[in-house]
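Structure data (PDB, C-alpha atoms) from final_21.pdb:
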```
ATOM      1  CA  MET A   1      41.874 -64.572-205.324  1.00  0.00           C
ATOM      2  CA  ALA A   2      42.236 -63.950-208.955  1.00  0.00           C
ATOM      3  CA  SER A   3      45.508 -62.535-210.008  1.00  0.00           C
ATOM      4  CA  ALA A   4      45.290 -58.911-209.208  1.00  0.00           C
ATOM      5  CA  ASP A   5      45.772 -57.466-212.610  1.00  0.00           C
ATOM      6  CA  LYS A   6      43.606 -59.315-215.058  1.00  0.00           C
ATOM      7  CA  PRO A   7      39.875 -59.071-214.802  1.00  0.00           C
ATOM      8  CA  ILE A   8      39.212 -55.755-213.186  1.00  0.00           C
ATOM      9  CA  ASN A   9      37.218 -56.561-210.155  1.00  0.00           C
ATOM     10  CA  THR A  10      35.804 -53.854-207.958  1.00  0.00           C
ATOM     11  CA  ASP A  11      33.079 -55.844-206.234  1.00  0.00           C
ATOM     12  CA  VAL A  12      32.638 -55.136-202.577  1.00  0.00           C
ATOM     13  CA  PRO A  13      30.957 -57.186-199.844  1.00  0.00           C
ATOM     14  CA  GLU A  14      27.414 -56.502-198.676  1.00  0.00           C
ATOM     15  CA  LYS A  15      26.660 -53.649-196.340  1.00  0.00           C
ATOM     16  CA  ASP A  16      26.043 -56.089-193.484  1.00  0.00           C
ATOM     17  CA  VAL A  17      29.663 -57.141-193.608  1.00  0.00           C
ATOM     18  CA  PHE A  18      30.767 -53.560-193.076  1.00  0.00           C
ATOM     19  CA  ALA A  19      28.199 -53.110-190.335  1.00  0.00           C
ATOM     20  CA  LEU A  20      29.319 -56.219-188.539  1.00  0.00           C
ATOM     21  CA  HIS A  21      32.970 -55.256-188.590  1.00  0.00           C
ATOM     22  CA  PHE A  22      32.222 -51.761-187.452  1.00  0.00           C
ATOM     23  CA  LEU A  23      29.982 -52.906-184.614  1.00  0.00           C
ATOM     24  CA  GLN A  24      32.676 -55.299-183.554  1.00  0.00           C
ATOM     25  CA  SER A  25      35.223 -52.491-183.427  1.00  0.00           C
ATOM     26  CA  LEU A  26      32.794 -50.313-181.519  1.00  0.00           C
ATOM     27  CA  SER A  27      32.067 -52.970-178.958  1.00  0.00           C
ATOM     28  CA  ASN A  28      35.811 -53.403-178.497  1.00  0.00           C
ATOM     29  CA  LEU A  29      36.062 -49.702-177.783  1.00  0.00           C
ATOM     30  CA  ARG A  30      33.156 -50.019-175.403  1.00  0.00           C
ATOM     31  CA  ARG A  31      34.893 -52.823-173.579  1.00  0.00           C
ATOM     32  CA  GLN A  32      37.881 -50.568-173.153  1.00  0.00           C
ATOM     33  CA  ASN A  33      35.492 -48.089-171.592  1.00  0.00           C
ATOM     34  CA  THR A  34      36.198 -45.541-174.240  1.00  0.00           C
ATOM     35  CA  PHE A  35      32.711 -44.125-174.034  1.00  0.00           C
ATOM     36  CA  ASN A  36      32.376 -43.748-170.276  1.00  0.00           C
ATOM     37  CA  SER A  37      35.802 -42.630-169.250  1.00  0.00           C
ATOM     38  CA  PRO A  38      36.328 -38.929-168.794  1.00  0.00           C
ATOM     39  CA  GLU A  39      38.516 -39.073-171.832  1.00  0.00           C
ATOM     40  CA  LYS A  40      38.712 -35.982-173.939  1.00  0.00           C
ATOM     41  CA  THR A  41      36.009 -35.873-176.539  1.00  0.00           C
ATOM     42  CA  ASN A  42      38.613 -35.377-179.192  1.00  0.00           C
ATOM     43  CA  ASP A  43      40.374 -38.631-178.387  1.00  0.00           C
ATOM     44  CA  ARG A  44      37.094 -40.451-178.425  1.00  0.00           C
ATOM     45  CA  VAL A  45      36.208 -39.110-181.827  1.00  0.00           C
ATOM     46  CA  LYS A  46      39.635 -40.075-183.097  1.00  0.00           C
ATOM     47  CA  LYS A  47      39.223 -43.605-181.842  1.00  0.00           C
ATOM     48  CA  ILE A  48      35.848 -43.984-183.484  1.00  0.00           C
ATOM     49  CA  LYS A  49      37.185 -42.594-186.703  1.00  0.00           C
ATOM     50  CA  LYS A  50      40.057 -45.011-186.647  1.00  0.00           C
ATOM     51  CA  ALA A  51      37.685 -47.853-185.866  1.00  0.00           C
ATOM     52  CA  ALA A  52      35.636 -46.822-188.874  1.00  0.00           C
ATOM     53  CA  TYR A  53      38.561 -46.960-191.287  1.00  0.00           C
ATOM     54  CA  VAL A  54      40.155 -50.069-189.868  1.00  0.00           C
ATOM     55  CA  SER A  55      36.930 -52.036-189.769  1.00  0.00           C
ATOM     56  CA  MET A  56      36.174 -50.904-193.295  1.00  0.00           C
ATOM     57  CA  ALA A  57      39.552 -52.182-194.460  1.00  0.00           C
ATOM     58  CA  ARG A  58      38.945 -55.498-192.743  1.00  0.00           C
ATOM     59  CA  ALA A  59      35.481 -55.833-194.199  1.00  0.00           C
ATOM     60  CA  ALA A  60      36.775 -54.982-197.637  1.00  0.00           C
ATOM     61  CA  GLY A  61      39.128 -57.903-197.813  1.00  0.00           C
ATOM     62  CA  GLY A  62      41.891 -57.221-195.323  1.00  0.00           C
ATOM     63  CA  THR A  63      45.289 -57.588-196.859  1.00  0.00           C
ATOM     64  CA  ASN A  64      44.117 -58.665-200.284  1.00  0.00           C
ATOM     65  CA  ARG A  65      43.594 -55.179-201.541  1.00  0.00           C
ATOM     66  CA  LEU A  66      46.350 -52.672-201.905  1.00  0.00           C
ATOM     67  CA  TRP A  67      44.468 -49.815-200.271  1.00  0.00           C
ATOM     68  CA  SER A  68      43.156 -51.835-197.339  1.00  0.00           C
ATOM     69  CA  ARG A  69      46.568 -53.336-196.831  1.00  0.00           C
ATOM     70  CA  ALA A  70      48.166 -49.904-196.740  1.00  0.00           C
ATOM     71  CA  LEU A  71      45.486 -48.630-194.387  1.00  0.00           C
ATOM     72  CA  LEU A  72      45.828 -51.528-191.972  1.00  0.00           C
ATOM     73  CA  ARG A  73      49.582 -51.238-192.023  1.00  0.00           C
ATOM     74  CA  ARG A  74      49.414 -47.554-191.205  1.00  0.00           C
ATOM     75  CA  ALA A  75      46.971 -48.186-188.371  1.00  0.00           C
ATOM     76  CA  ALA A  76      49.163 -50.909-186.926  1.00  0.00           C
ATOM     77  CA  LYS A  77      52.172 -48.637-187.105  1.00  0.00           C
ATOM     78  CA  GLU A  78      50.314 -46.015-185.104  1.00  0.00           C
ATOM     79  CA  ASN A  79      49.815 -48.615-182.411  1.00  0.00           C
ATOM     80  CA  ASN A  80      53.526 -49.374-182.519  1.00  0.00           C
ATOM     81  CA  LYS A  81      52.812 -52.858-183.563  1.00  0.00           C
ATOM     82  CA  ILE A  82      55.047 -54.677-185.915  1.00  0.00           C
ATOM     83  CA  VAL A  83      52.908 -56.568-188.314  1.00  0.00           C
ATOM     84  CA  ARG A  84      53.804 -59.160-190.778  1.00  0.00           C
ATOM     85  CA  PHE A  85      51.342 -59.482-193.537  1.00  0.00           C
ATOM     86  CA  PRO A  86      51.375 -62.496-195.759  1.00  0.00           C
ATOM     87  CA  ARG A  87      53.642 -61.764-198.628  1.00  0.00           C
ATOM     88  CA  ARG A  88      52.034 -60.767-201.813  1.00  0.00           C
ATOM     89  CA  LYS A  89      53.097 -62.458-204.926  1.00  0.00           C
ATOM     90  CA  LYS A  90      55.632 -60.136-206.361  1.00  0.00           C
ATOM     91  CA  ARG A  91      54.281 -58.645-209.491  1.00  0.00           C
ATOM     92  CA  VAL A  92      56.219 -56.611-211.869  1.00  0.00           C
ATOM     93  CA  THR A  93      54.262 -53.435-211.653  1.00  0.00           C
ATOM     94  CA  CYS A  94      54.623 -51.048-214.443  1.00  0.00           C
ATOM     95  CA  LEU A  95      56.717 -48.191-213.300  1.00  0.00           C
ATOM     96  CA  ARG A  96      55.062 -44.927-212.672  1.00  0.00           C
ATOM     97  CA  ARG A  97      56.387 -42.642-215.206  1.00  0.00           C
ATOM     98  CA  ARG A  98      55.261 -39.488-216.750  1.00  0.00           C
ATOM     99  CA  SER A  99      53.898 -40.952-219.858  1.00  0.00           C
ATOM    100  CA  ASN A 100      54.071 -38.485-222.621  1.00  0.00           C
ATOM    101  CA  ARG A 101      50.909 -39.616-224.303  1.00  0.00           C
ATOM    102  CA  ARG A 102      48.630 -38.564-221.454  1.00  0.00           C
ATOM    103  CA  ASP A 103      47.271 -35.183-220.760  1.00  0.00           C
ATOM    104  CA  PRO A 104      49.281 -33.247-218.132  1.00  0.00           C
ATOM    105  CA  VAL A 105      46.100 -32.159-216.338  1.00  0.00           C
ATOM    106  CA  GLU A 106      45.124 -35.788-216.120  1.00  0.00           C
ATOM    107  CA  GLU A 107      48.503 -36.627-214.640  1.00  0.00           C
ATOM    108  CA  GLU A 108      48.092 -33.898-212.083  1.00  0.00           C
ATOM    109  CA  GLU A 109      44.695 -35.184-211.014  1.00  0.00           C
ATOM    110  CA  ALA A 110      46.015 -38.724-210.818  1.00  0.00           C
ATOM    111  CA  GLU A 111      48.756 -37.446-208.554  1.00  0.00           C
ATOM    112  CA  ARG A 112      46.188 -35.850-206.245  1.00  0.00           C
ATOM    113  CA  LEU A 113      44.266 -39.087-206.220  1.00  0.00           C
ATOM    114  CA  ARG A 114      47.403 -40.938-205.176  1.00  0.00           C
ATOM    115  CA  ASN A 115      47.518 -38.806-202.067  1.00  0.00           C
ATOM    116  CA  LEU A 116      43.918 -39.586-201.203  1.00  0.00           C
ATOM    117  CA  VAL A 117      43.797 -43.330-201.676  1.00  0.00           C
ATOM    118  CA  PRO A 118      45.723 -45.268-199.021  1.00  0.00           C
ATOM    119  CA  GLY A 119      48.805 -46.811-200.558  1.00  0.00           C
ATOM    120  CA  GLY A 120      48.159 -44.887-203.740  1.00  0.00           C
ATOM    121  CA  GLY A 121      51.697 -43.591-203.903  1.00  0.00           C
ATOM    122  CA  GLY A 122      53.023 -46.869-205.197  1.00  0.00           C
ATOM    123  CA  MET A 123      50.418 -47.629-207.787  1.00  0.00           C
ATOM    124  CA  GLY A 124      50.535 -47.417-211.507  1.00  0.00           C
ATOM    125  CA  THR A 125      47.736 -45.531-213.189  1.00  0.00           C
ATOM    126  CA  SER A 126      45.397 -48.387-214.009  1.00  0.00           C
ATOM    127  CA  LYS A 127      45.903 -50.015-210.620  1.00  0.00           C
ATOM    128  CA  LEU A 128      45.284 -46.675-208.980  1.00  0.00           C
ATOM    129  CA  MET A 129      41.970 -46.326-210.760  1.00  0.00           C
ATOM    130  CA  GLU A 130      40.888 -49.838-209.940  1.00  0.00           C
ATOM    131  CA  GLU A 131      41.764 -49.429-206.290  1.00  0.00           C
ATOM    132  CA  THR A 132      40.094 -46.040-206.246  1.00  0.00           C
ATOM    133  CA  ALA A 133      36.859 -47.475-207.561  1.00  0.00           C
ATOM    134  CA  HIS A 134      36.908 -50.138-204.891  1.00  0.00           C
ATOM    135  CA  TYR A 135      37.872 -47.649-202.196  1.00  0.00           C
ATOM    136  CA  ILE A 136      35.031 -45.313-203.115  1.00  0.00           C
ATOM    137  CA  LYS A 137      32.495 -48.111-203.000  1.00  0.00           C
ATOM    138  CA  CYS A 138      33.710 -49.199-199.580  1.00  0.00           C
ATOM    139  CA  LEU A 139      33.831 -45.674-198.228  1.00  0.00           C
ATOM    140  CA  SER A 140      30.286 -44.894-199.244  1.00  0.00           C
ATOM    141  CA  MET A 141      29.210 -48.205-197.753  1.00  0.00           C
ATOM    142  CA  GLN A 142      30.917 -47.295-194.496  1.00  0.00           C
ATOM    143  CA  VAL A 143      29.262 -43.890-194.495  1.00  0.00           C
ATOM    144  CA  LYS A 144      25.883 -45.535-194.957  1.00  0.00           C
ATOM    145  CA  VAL A 145      26.536 -47.904-192.075  1.00  0.00           C
ATOM    146  CA  MET A 146      27.582 -45.050-189.806  1.00  0.00           C
ATOM    147  CA  GLN A 147      24.572 -43.023-190.826  1.00  0.00           C
ATOM    148  CA  CYS A 148      22.296 -45.960-189.965  1.00  0.00           C
ATOM    149  CA  LEU A 149      23.912 -46.202-186.558  1.00  0.00           C
ATOM    150  CA  VAL A 150      23.560 -42.497-185.889  1.00  0.00           C
ATOM    151  CA  ASP A 151      19.920 -42.638-186.946  1.00  0.00           C
ATOM    152  CA  GLY A 152      19.327 -45.662-184.764  1.00  0.00           C
ATOM    153  CA  LEU A 153      20.969 -44.117-181.741  1.00  0.00           C
ATOM    154  CA  ALA A 154      19.566 -40.631-181.993  1.00  0.00           C
ATOM    155  CA  PRO A 155      16.712 -39.978-179.611  1.00  0.00           C
ATOM    156  CA  LYS A 156      13.446 -40.175-181.430  1.00  0.00           C
TER     157      LYS A 156
ATOM    158  CA  MET B   1      46.069 -67.898-218.578  1.00  0.00           C
ATOM    159  CA  SER B   2      45.004 -66.412-221.834  1.00  0.00           C
ATOM    160  CA  GLY B   3      45.256 -63.032-220.174  1.00  0.00           C
ATOM    161  CA  ARG B   4      48.897 -63.526-219.513  1.00  0.00           C
ATOM    162  CA  ARG B   5      49.565 -64.574-223.041  1.00  0.00           C
ATOM    163  CA  SER B   6      47.741 -61.696-224.557  1.00  0.00           C
ATOM    164  CA  ARG B   7      49.547 -59.343-222.257  1.00  0.00           C
ATOM    165  CA  SER B   8      52.946 -60.476-223.322  1.00  0.00           C
ATOM    166  CA  ARG B   9      51.875 -59.942-226.862  1.00  0.00           C
ATOM    167  CA  GLN B  10      51.318 -56.283-226.247  1.00  0.00           C
ATOM    168  CA  VAL B  11      54.786 -55.054-226.600  1.00  0.00           C
ATOM    169  CA  SER B  12      54.189 -51.389-226.323  1.00  0.00           C
ATOM    170  CA  GLY B  13      57.190 -49.392-225.355  1.00  0.00           C
ATOM    171  CA  THR B  14      55.725 -46.998-222.844  1.00  0.00           C
ATOM    172  CA  SER B  15      53.299 -49.071-220.862  1.00  0.00           C
ATOM    173  CA  ARG B  16      51.618 -52.421-220.817  1.00  0.00           C
ATOM    174  CA  ILE B  17      48.236 -50.994-220.036  1.00  0.00           C
ATOM    175  CA  SER B  18      46.179 -50.441-223.074  1.00  0.00           C
ATOM    176  CA  GLU B  19      44.391 -47.211-223.646  1.00  0.00           C
ATOM    177  CA  GLU B  20      41.203 -49.220-223.796  1.00  0.00           C
ATOM    178  CA  GLN B  21      41.699 -50.605-220.331  1.00  0.00           C
ATOM    179  CA  ILE B  22      42.228 -47.144-218.907  1.00  0.00           C
ATOM    180  CA  ASN B  23      39.109 -45.903-220.632  1.00  0.00           C
ATOM    181  CA  ASP B  24      37.113 -48.745-219.137  1.00  0.00           C
ATOM    182  CA  LEU B  25      38.373 -47.810-215.718  1.00  0.00           C
ATOM    183  CA  ILE B  26      37.553 -44.164-216.264  1.00  0.00           C
ATOM    184  CA  ILE B  27      33.990 -45.099-217.191  1.00  0.00           C
ATOM    185  CA  LYS B  28      33.779 -47.340-214.166  1.00  0.00           C
ATOM    186  CA  LEU B  29      34.883 -44.513-211.929  1.00  0.00           C
ATOM    187  CA  GLN B  30      32.519 -42.105-213.585  1.00  0.00           C
ATOM    188  CA  GLN B  31      29.575 -44.355-212.805  1.00  0.00           C
ATOM    189  CA  LEU B  32      30.458 -44.198-209.139  1.00  0.00           C
ATOM    190  CA  LEU B  33      30.379 -40.434-208.951  1.00  0.00           C
ATOM    191  CA  PRO B  34      27.033 -38.850-208.137  1.00  0.00           C
ATOM    192  CA  GLU B  35      28.171 -35.732-209.912  1.00  0.00           C
ATOM    193  CA  LEU B  36      28.872 -37.427-213.239  1.00  0.00           C
ATOM    194  CA  ARG B  37      26.885 -40.630-213.066  1.00  0.00           C
ATOM    195  CA  ASP B  38      23.970 -39.283-215.007  1.00  0.00           C
ATOM    196  CA  SER B  39      25.814 -37.700-217.875  1.00  0.00           C
ATOM    197  CA  ARG B  40      24.981 -39.473-221.073  1.00  0.00           C
ATOM    198  CA  ARG B  41      27.571 -41.262-223.030  1.00  0.00           C
ATOM    199  CA  SER B  42      27.141 -38.831-225.873  1.00  0.00           C
ATOM    200  CA  ASP B  43      28.553 -35.915-223.949  1.00  0.00           C
ATOM    201  CA  LYS B  44      31.832 -37.482-223.103  1.00  0.00           C
ATOM    202  CA  VAL B  45      33.443 -36.373-219.897  1.00  0.00           C
ATOM    203  CA  SER B  46      37.181 -35.958-220.060  1.00  0.00           C
ATOM    204  CA  ALA B  47      39.356 -38.290-218.032  1.00  0.00           C
ATOM    205  CA  ALA B  48      40.841 -35.331-216.196  1.00  0.00           C
ATOM    206  CA  ARG B  49      37.373 -34.234-215.151  1.00  0.00           C
ATOM    207  CA  VAL B  50      36.496 -37.714-213.913  1.00  0.00           C
ATOM    208  CA  LEU B  51      39.678 -37.864-211.865  1.00  0.00           C
ATOM    209  CA  GLN B  52      39.053 -34.410-210.466  1.00  0.00           C
ATOM    210  CA  GLU B  53      35.507 -35.280-209.437  1.00  0.00           C
ATOM    211  CA  THR B  54      36.795 -38.517-207.945  1.00  0.00           C
ATOM    212  CA  CYS B  55      39.143 -36.555-205.711  1.00  0.00           C
ATOM    213  CA  ASN B  56      36.334 -34.266-204.635  1.00  0.00           C
ATOM    214  CA  TYR B  57      34.041 -37.160-203.921  1.00  0.00           C
ATOM    215  CA  ILE B  58      36.634 -38.951-201.814  1.00  0.00           C
ATOM    216  CA  ARG B  59      37.239 -35.760-199.848  1.00  0.00           C
ATOM    217  CA  ASN B  60      33.514 -35.450-199.231  1.00  0.00           C
ATOM    218  CA  LEU B  61      33.299 -39.018-198.025  1.00  0.00           C
ATOM    219  CA  HIS B  62      36.240 -38.471-195.689  1.00  0.00           C
ATOM    220  CA  ARG B  63      34.495 -35.443-194.291  1.00  0.00           C
ATOM    221  CA  GLU B  64      31.338 -37.449-193.785  1.00  0.00           C
ATOM    222  CA  VAL B  65      33.255 -40.090-191.862  1.00  0.00           C
ATOM    223  CA  ASP B  66      34.668 -37.290-189.686  1.00  0.00           C
ATOM    224  CA  ASP B  67      31.248 -35.835-188.978  1.00  0.00           C
ATOM    225  CA  LEU B  68      29.621 -39.175-188.332  1.00  0.00           C
ATOM    226  CA  SER B  69      32.435 -40.183-185.986  1.00  0.00           C
ATOM    227  CA  GLU B  70      31.751 -37.062-183.998  1.00  0.00           C
ATOM    228  CA  ARG B  71      28.038 -37.721-183.896  1.00  0.00           C
ATOM    229  CA  LEU B  72      28.588 -41.322-182.871  1.00  0.00           C
ATOM    230  CA  SER B  73      30.985 -40.289-180.156  1.00  0.00           C
ATOM    231  CA  GLU B  74      28.354 -37.997-178.657  1.00  0.00           C
ATOM    232  CA  LEU B  75      25.566 -40.500-178.966  1.00  0.00           C
ATOM    233  CA  LEU B  76      27.525 -43.409-177.566  1.00  0.00           C
ATOM    234  CA  ALA B  77      28.700 -41.370-174.608  1.00  0.00           C
ATOM    235  CA  ASN B  78      25.269 -40.078-173.729  1.00  0.00           C
ATOM    236  CA  THR B  79      22.812 -42.817-174.476  1.00  0.00           C
ATOM    237  CA  ASP B  80      22.331 -45.198-171.590  1.00  0.00           C
ATOM    238  CA  THR B  81      20.697 -47.793-173.692  1.00  0.00           C
ATOM    239  CA  ALA B  82      23.266 -47.544-176.413  1.00  0.00           C
ATOM    240  CA  GLN B  83      23.857 -51.249-176.378  1.00  0.00           C
ATOM    241  CA  ALA B  84      20.223 -51.922-177.007  1.00  0.00           C
ATOM    242  CA  ALA B  85      20.084 -49.264-179.619  1.00  0.00           C
ATOM    243  CA  LEU B  86      23.149 -50.672-181.322  1.00  0.00           C
ATOM    244  CA  ILE B  87      21.526 -54.014-181.621  1.00  0.00           C
ATOM    245  CA  ARG B  88      18.331 -52.457-182.801  1.00  0.00           C
ATOM    246  CA  SER B  89      20.052 -50.557-185.532  1.00  0.00           C
ATOM    247  CA  LEU B  90      21.982 -53.637-186.513  1.00  0.00           C
ATOM    248  CA  LEU B  91      18.756 -55.495-186.985  1.00  0.00           C
ATOM    249  CA  THR B  92      17.202 -52.815-189.081  1.00  0.00           C
ATOM    250  CA  LEU B  93      20.098 -52.412-191.477  1.00  0.00           C
TER     251      LEU B  93
END
```

Hey, can you dump this file as structure tokens for me?
Amino acid sequence: MASADKPINTDVPEKDVFALHFLQSLSNLRRQNTFNSPEKTNDRVKKIKKAAYVSMARAAGGTNRLWSRALLRRAAKENNKIVRFPRRKKRVTCLRRRSNRRDPVEEEEAERLRNLVPGGGGMGTSKLMEETAHYIKCLSMQVKVMQCLVDGLAPK
Amino acid sequence: MSGRRSRSRQVSGTSRISEEQINDLIIKLQQLLPELRDSRRSDKVSAARVLQETCNYIRNLHREVDDLSERLSELLANTDTAQAALIRSLLTL
């Protein structure tokens, strides 16, 4: 992987990659009998939702991206699993500071964005925007994949 | 390599990120937003607006994932031939 900060790279894998990961997660759920058991509908929905986000993070490059890394870590924590991710090369990230040259409204919006993008809390502004661009692309890809599945499964 | 060198040359006090770089990113983001994608370069959208629309768009996408998860949960629980249908939809992607 290219060093994370130089050429801004927001390329994402093909849709098939997302589809494959998601189908894999779904068939895992199926194997655990998630869909047949008299489980509460709510739990089932939650599991599918989680599968959607986790498989998206895996498809998007696993631990190489800040947002997918944060997302996977959070998911693993929910499962009470201790995970050790390969260490990232320590970079000196520019400290988040209220820079006086930027518009306060802009700062406010950036702050809201930090709450929406997984792992956003620790990112500097330019990193945040790069990760956001990548995250958006992946999310819309995932939505497309899920829509295809729903369309394919719905009775004709 | 050259990137590193040029970076160390930018000795700005507040931040190492150039204004230019941020602007590039803003434009990149803007192109991803259905709401702002089509605005011409001439009518420049403010960075704050782009960030605001980005937040809205992400929220919408999250909501879509929620809805689709619900739909999928129903469909997977009720369709007998879900497996077959899964494969079918995989093939038609």

Residues of range 11-78 of chain B that have any atom at most 12 Å from an atom of range 7-30 of chain A: could you tabulate them with the shortest-distance atom pair and the distance in Å to one decimal, using all atoms listed in the file, ordered by chain and increasing number, as CSV?
```
residue,atom,partner,partner_atom,distance
B:Gln21,CA,A:Ile8,CA,9.2
B:Ile22,CA,A:Ile8,CA,10.8
B:Asp24,CA,A:Ile8,CA,9.4
B:Leu25,CA,A:Ile8,CA,8.4
B:Lys28,CA,A:Thr10,CA,9.2
B:Leu29,CA,A:Thr10,CA,10.2
B:Leu32,CA,A:Thr10,CA,11.1
B:Ser69,CA,A:Leu26,CA,11.1
B:Leu72,CA,A:Leu26,CA,10.0
B:Ser73,CA,A:Leu26,CA,10.3
B:Leu76,CA,A:Arg30,CA,8.9
B:Ala77,CA,A:Arg30,CA,9.8
```

**Message:** One decimal, in Å: what's the spacing between CA of Leu153 in chain A and CA of Leu75 in chain B?
**Reply:**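 Pair CA of Leu153 in chain A / CA of Leu75 in chain B returns 6.5 Å.
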
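Atom pair CA of Glu131 in chain A / CA of Leu113 in chain A: separated by 10.6 Å.
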
**Asked** Excluding same-chain residues fewer than 2 positions from Gly120 in chain A, what lies within 9 Å of it counting all atoms listed in the file, as a PyMOL selection string?
**Response** chain A and resi 66-67+70+111+113-118+122-124+127-128+131-132

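Taking CA of Gln32 in chain A and CA of Lys49 in chain A as endpoints, the distance between them is 15.7 Å.
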
**Message:** Using only C-alpha atoms for the distances, tell me which of A:Glu106, A:Thr41, A:Pro155, A:Lys137 is nearest to chain B.
**Reply:**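 Of A:Glu106, A:Thr41, A:Pro155, A:Lys137, the one nearest chain B, counting only C-alpha atoms, is A:Glu106.
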